[in-house]
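Asks: One structure, as structure tokens, below. Some questions next.
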Amino acid sequence: MSETGAVHHQGPIGPVDASITPRFTGPATFARLPEPDAVSDVDIAIVGVPFDSGVSYRPGARFGPAHIRQSSKLLRPYNPAQDIAPFAVQQVVDAGDITCNPFDIEETLKQVHEGALSLLERADRLVSLGGDHTIALPLLRAINERHGPVALVHFDAHLDTWDTYFGARYTHGTPFRRASEEGLIDLTASVHMGIRGPLYGPLDLAQDRDLGFQVIPATELDAAGAAGVAEQIKTRTAGRPVYLSIDVDVLDPAAAPGTGTPEAGGLTSRELLTILRSLSSMNIVSMDVVEVCPPYDHAEITGIAAAHIVYEALSVMAPRPAASREQH
């Protein structure tokens, strides 16, 4: 044991063994992973951001982090789709939740920014569980301090580049306009995928392009398929450091009913997971999964989808031989 109380181990500590401890018991962490104090080195820290005061329609995403964790208990150590054991080749921990002020959005932005910076002093990368999409802005601010402007790969039904809602500059519909204005993202390499549904007008798309985004609409899957969409994303990001932001409403409401602003015509969970598996050659420096709203999520459908999204992303972020990366 070190002077700080951390326990040193030869290799990564993974989830609690389900053959010894039943899945409905044990720690309430993501995939029943260890907490940071149980290990000496951290590659990826999973952290909850239970905030939803920036929503414009259904509230409830503040309960998303706990719901995703609950829905992750059935995850297993080996991922056959990517031929990797993501918890065995990197140390992943669950760092709990960042405290958020539910009555003050700007105070929460500061809290999330500072909380993310504190975690990045110990962890190489963050996987953040929302919470509504407002939280992406302070997370990008923190990532920018380490990596500079990043290529934002944004899966969502909505652009989230509007200017204000009811005069408010910081909401779940505005984070990426602010990120573009603040110079947090690479304006030549950022992309939205899954956009669909009605907009306020044609200027929405024109202004979005001016902010530095390429749009890959959900209908592109009909023409290009999952592999073609993944190639478009990789071409757009072109080797740059990538921040991955996944709003669960990129999925069709049939696959993710538990979300705040559902739109018909979305991706299936299989399509999204297939796209994610094709991104293993990218340098994903951190990510978030947001807008899981448990009050609307019967039978944990959305929570399970979100947990598997995180699992596939952790597998993509895991180290592997260069030749193996090119095959996925």
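Naming works like this for the structure tokens: A, B, ... for the chains as they're shown, residue 1 at the start of each chain, ligands 1 onward in shown order.
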Fewer than 6 positions away in the same chain doesn't count, so skip those; otherwise give me all residues within 12 Å of Leu203 in chain A, counting only C-alpha atoms, as number ranges by chain.
Replies: A: 161-162, 209-210
Asks: Apply DSSP to the structure's backbone, then extract all residues of range 262-300 of chain A labelled alpha helix (DSSP H) and return them as a list of chain:residue names.
Replies: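 After running DSSP on the backbone, range 262-300 of chain A has alpha helix (DSSP H) at A:Ser269, A:Arg270, A:Glu271, A:Leu272, A:Leu273, A:Thr274, A:Ile275, A:Leu276, A:Arg277.
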Asks: Take the residues that were just selected and, keeping N, CA and C atoms, output them as a PDB file, in the first residue's frame.
Replies:
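Here's the written file part_31.pdb:
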```pdb
ATOM      1  N   SER A 269     -29.926   0.424 -32.057  1.00  0.00           N
ATOM      2  CA  SER A 269     -28.740   0.258 -31.224  1.00  0.00           C
ATOM      3  C   SER A 269     -27.669  -0.526 -31.980  1.00  0.00           C
ATOM      4  N   ARG A 270     -28.070  -1.492 -32.790  1.00  0.00           N
ATOM      5  CA  ARG A 270     -27.093  -2.263 -33.552  1.00  0.00           C
ATOM      6  C   ARG A 270     -26.334  -1.377 -34.529  1.00  0.00           C
ATOM      7  N   GLU A 271     -27.026  -0.456 -35.201  1.00  0.00           N
ATOM      8  CA  GLU A 271     -26.347   0.445 -36.137  1.00  0.00           C
ATOM      9  C   GLU A 271     -25.339   1.330 -35.421  1.00  0.00           C
ATOM     10  N   LEU A 272     -25.729   1.886 -34.275  1.00  0.00           N
ATOM     11  CA  LEU A 272     -24.816   2.763 -33.550  1.00  0.00           C
ATOM     12  C   LEU A 272     -23.603   1.990 -33.049  1.00  0.00           C
ATOM     13  N   LEU A 273     -23.821   0.805 -32.484  1.00  0.00           N
ATOM     14  CA  LEU A 273     -22.700   0.019 -31.984  1.00  0.00           C
ATOM     15  C   LEU A 273     -21.768  -0.396 -33.125  1.00  0.00           C
ATOM     16  N   THR A 274     -22.334  -0.691 -34.287  1.00  0.00           N
ATOM     17  CA  THR A 274     -21.509  -1.050 -35.444  1.00  0.00           C
ATOM     18  C   THR A 274     -20.630   0.122 -35.866  1.00  0.00           C
ATOM     19  N   ILE A 275     -21.193   1.313 -35.885  1.00  0.00           N
ATOM     20  CA  ILE A 275     -20.400   2.502 -36.230  1.00  0.00           C
ATOM     21  C   ILE A 275     -19.276   2.698 -35.216  1.00  0.00           C
ATOM     22  N   LEU A 276     -19.613   2.600 -33.937  1.00  0.00           N
ATOM     23  CA  LEU A 276     -18.603   2.797 -32.902  1.00  0.00           C
ATOM     24  C   LEU A 276     -17.456   1.798 -33.048  1.00  0.00           C
ATOM     25  N   ARG A 277     -17.781   0.549 -33.339  1.00  0.00           N
ATOM     26  CA  ARG A 277     -16.730  -0.481 -33.473  1.00  0.00           C
ATOM     27  C   ARG A 277     -15.775  -0.181 -34.622  1.00  0.00           C
TER      28      ARG A 277
END
```
Asks: For each of A:Gly64, A:Gly183, A:Gly48, A:Gly197, take the minimum atom-to-atom distance to Val112 in chain A, counting only C-alpha atoms, then give the residue where this is smallest.
Replies: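 Checking each candidate against Val112 in chain A, we get A:Gly48 as the closest.
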Asks: Would you mind listing what lies within 8 Å of range 245-256 of chain A as an mmCIF file with N, CA and C atoms, in the first residue's frame, with only C-alpha atoms counted and same-chain residues fewer than 3 positions away left out?
Replies:
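Contents of around-v4.cif, as written:
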```cif
data_model
loop_
_atom_site.group_PDB
_atom_site.id
_atom_site.type_symbol
_atom_site.label_atom_id
_atom_site.label_comp_id
_atom_site.auth_asym_id
_atom_site.auth_seq_id
_atom_site.Cartn_x
_atom_site.Cartn_y
_atom_site.Cartn_z
ATOM 1 N N HIS A 133 -27.281 17.545 -22.107
ATOM 2 C CA HIS A 133 -26.149 17.842 -22.979
ATOM 3 C C HIS A 133 -25.457 19.149 -22.638
ATOM 4 N N ALA A 136 -21.660 18.959 -21.770
ATOM 5 C CA ALA A 136 -20.584 18.773 -22.745
ATOM 6 C C ALA A 136 -19.692 20.009 -22.833
ATOM 7 N N LEU A 152 -14.726 17.216 -32.667
ATOM 8 C CA LEU A 152 -15.930 16.779 -31.964
ATOM 9 C C LEU A 152 -16.731 15.855 -32.869
ATOM 10 N N VAL A 153 -16.908 14.610 -32.443
ATOM 11 C CA VAL A 153 -17.776 13.661 -33.146
ATOM 12 C C VAL A 153 -19.029 13.518 -32.301
ATOM 13 N N HIS A 154 -20.127 14.047 -32.808
ATOM 14 C CA HIS A 154 -21.346 14.260 -32.041
ATOM 15 C C HIS A 154 -22.476 13.412 -32.639
ATOM 16 N N PHE A 155 -22.918 12.407 -31.897
ATOM 17 C CA PHE A 155 -24.070 11.597 -32.291
ATOM 18 C C PHE A 155 -25.312 12.148 -31.607
ATOM 19 N N ASP A 156 -26.326 12.503 -32.399
ATOM 20 C CA ASP A 156 -27.481 13.184 -31.814
ATOM 21 C C ASP A 156 -28.569 13.298 -32.874
ATOM 22 N N ALA A 157 -29.824 13.400 -32.428
ATOM 23 C CA ALA A 157 -30.907 13.742 -33.346
ATOM 24 C C ALA A 157 -30.912 15.231 -33.663
ATOM 25 N N GLY A 194 -26.501 11.534 -37.248
ATOM 26 C CA GLY A 194 -27.806 11.116 -36.759
ATOM 27 C C GLY A 194 -28.858 12.200 -36.777
ATOM 28 N N ILE A 195 -28.501 13.379 -37.284
ATOM 29 C CA ILE A 195 -29.428 14.520 -37.271
ATOM 30 C C ILE A 195 -30.683 14.174 -38.071
ATOM 31 N N THR A 259 -35.674 9.289 -22.911
ATOM 32 C CA THR A 259 -34.869 10.464 -23.217
ATOM 33 C C THR A 259 -35.763 11.683 -23.272
ATOM 34 N N GLY A 260 -35.146 12.872 -23.209
ATOM 35 C CA GLY A 260 -35.930 14.084 -23.023
ATOM 36 C C GLY A 260 -36.574 14.648 -24.262
ATOM 37 N N THR A 261 -35.953 14.463 -25.450
ATOM 38 C CA THR A 261 -36.485 15.039 -26.692
ATOM 39 C C THR A 261 -36.420 13.995 -27.808
ATOM 40 N N PRO A 262 -37.290 12.979 -27.766
ATOM 41 C CA PRO A 262 -37.234 11.893 -28.752
ATOM 42 C C PRO A 262 -37.672 12.352 -30.141
ATOM 43 N N GLU A 263 -37.030 11.763 -31.156
ATOM 44 C CA GLU A 263 -37.364 12.040 -32.558
ATOM 45 C C GLU A 263 -37.486 10.714 -33.302
ATOM 46 N N ALA A 264 -38.546 10.549 -34.067
ATOM 47 C CA ALA A 264 -38.725 9.333 -34.859
ATOM 48 C C ALA A 264 -37.672 9.238 -35.952
ATOM 49 N N GLY A 265 -37.434 8.001 -36.409
ATOM 50 C CA GLY A 265 -36.540 7.799 -37.545
ATOM 51 C C GLY A 265 -35.073 7.696 -37.193
ATOM 52 N N GLY A 266 -34.767 7.307 -35.960
ATOM 53 C CA GLY A 266 -33.383 7.267 -35.517
ATOM 54 C C GLY A 266 -32.690 5.944 -35.775
ATOM 55 N N LEU A 267 -31.457 5.853 -35.273
ATOM 56 C CA LEU A 267 -30.649 4.657 -35.447
ATOM 57 C C LEU A 267 -31.162 3.533 -34.547
ATOM 58 N N THR A 268 -30.918 2.317 -34.952
ATOM 59 C CA THR A 268 -31.080 1.192 -34.042
ATOM 60 C C THR A 268 -29.822 1.102 -33.175
ATOM 61 N N SER A 269 -29.926 0.424 -32.057
ATOM 62 C CA SER A 269 -28.740 0.258 -31.224
ATOM 63 C C SER A 269 -27.669 -0.526 -31.980
ATOM 64 N N LEU A 272 -25.729 1.886 -34.275
ATOM 65 C CA LEU A 272 -24.816 2.763 -33.550
ATOM 66 C C LEU A 272 -23.603 1.990 -33.049
ATOM 67 N N MET A 287 -14.966 11.230 -23.697
ATOM 68 C CA MET A 287 -16.296 11.121 -24.289
ATOM 69 C C MET A 287 -17.377 11.340 -23.244
ATOM 70 N N ASP A 288 -18.594 11.521 -23.705
ATOM 71 C CA ASP A 288 -19.755 11.530 -22.809
ATOM 72 C C ASP A 288 -20.910 10.792 -23.464
ATOM 73 N N VAL A 289 -21.810 10.283 -22.627
ATOM 74 C CA VAL A 289 -23.100 9.730 -23.049
ATOM 75 C C VAL A 289 -24.151 10.435 -22.206
ATOM 76 N N VAL A 290 -25.092 11.113 -22.862
ATOM 77 C CA VAL A 290 -26.000 12.002 -22.141
ATOM 78 C C VAL A 290 -27.462 11.767 -22.517
ATOM 79 N N GLU A 291 -28.331 12.451 -21.759
ATOM 80 C CA GLU A 291 -29.773 12.546 -22.022
ATOM 81 C C GLU A 291 -30.536 11.254 -21.771
ATOM 82 N N VAL A 292 -30.002 10.369 -20.923
ATOM 83 C CA VAL A 292 -30.778 9.206 -20.479
ATOM 84 C C VAL A 292 -31.728 9.680 -19.387
ATOM 85 N N ASP A 297 -38.129 5.469 -19.079
ATOM 86 C CA ASP A 297 -37.411 4.289 -19.566
ATOM 87 C C ASP A 297 -37.952 3.010 -18.945
ATOM 88 N N ILE A 301 -34.701 -0.132 -21.053
ATOM 89 C CA ILE A 301 -34.312 -0.232 -22.462
ATOM 90 C C ILE A 301 -33.218 0.784 -22.799
ATOM 91 N N THR A 302 -33.419 2.031 -22.409
ATOM 92 C CA THR A 302 -32.461 3.083 -22.729
ATOM 93 C C THR A 302 -31.199 2.951 -21.902
ATOM 94 N N ALA A 305 -29.056 0.275 -23.413
ATOM 95 C CA ALA A 305 -28.412 0.780 -24.634
ATOM 96 C C ALA A 305 -27.240 1.685 -24.284
ATOM 97 N N ALA A 306 -27.435 2.590 -23.322
ATOM 98 C CA ALA A 306 -26.360 3.513 -22.932
ATOM 99 C C ALA A 306 -25.177 2.759 -22.347
#
```
Asks: Would you tabulate, counting only C-alpha atoms, all residues of range 92-210 of chain A that have an atom at most 12 Å from an atom of range 29-37 of chain A, showing the closest pair of atoms and their distance in Å to one decimal, sorted by chain then ascending number, as CSV?
Replies:
```
residue,atom,partner,partner_atom,distance
A:Val92,CA,A:Leu33,CA,7.2
A:Val93,CA,A:Glu35,CA,5.3
A:Asp94,CA,A:Glu35,CA,5.1
A:Ala95,CA,A:Glu35,CA,5.7
A:Gly96,CA,A:Thr29,CA,7.6
A:Asp97,CA,A:Thr29,CA,10.5
A:Leu119,CA,A:Pro36,CA,9.8
A:Arg122,CA,A:Pro36,CA,9.1
A:Ala123,CA,A:Pro36,CA,9.3
A:Val127,CA,A:Phe30,CA,10.8
A:Ser128,CA,A:Phe30,CA,11.2
A:Leu129,CA,A:Phe30,CA,9.9
```
Asks: When DSSP works through the backbone of this structure, what residues of range 70-242 of chain A end up as strand (DSSP E), shown as JSON, numbers by chain?
Replies: {"A": [92, 93, 94, 95, 96, 97, 123, 124, 125, 126, 127, 128, 129, 130, 151, 152, 153, 154, 155, 190, 191, 192, 193, 194, 195, 213, 214, 215, 216, 217, 241, 242]}
Asks: Within 8 Å of Phe176 in chain A, counting only C-alpha atoms, which residues show up once you throw out same-chain ones fewer than 4 positions away? Write them as a ChimeraX atom specification, please.
Replies: /A:137,160-161,180
Asks: Taking only C-alpha atoms into account, which of A:Val150, A:Leu184, A:Ala307, A:Ile135 comes nearest Glu106 in chain A?
Replies: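 Of the candidates, the smallest distance to Glu106 in chain A is held by A:Ile135.
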Asks: Give the answer as one residue: which of A:Ala238, A:Ala227, A:Leu221, A:Leu74 has the shortest atom-to-atom distance to Tyr311 in chain A, using only C-alpha atoms?
Replies: A:Leu74
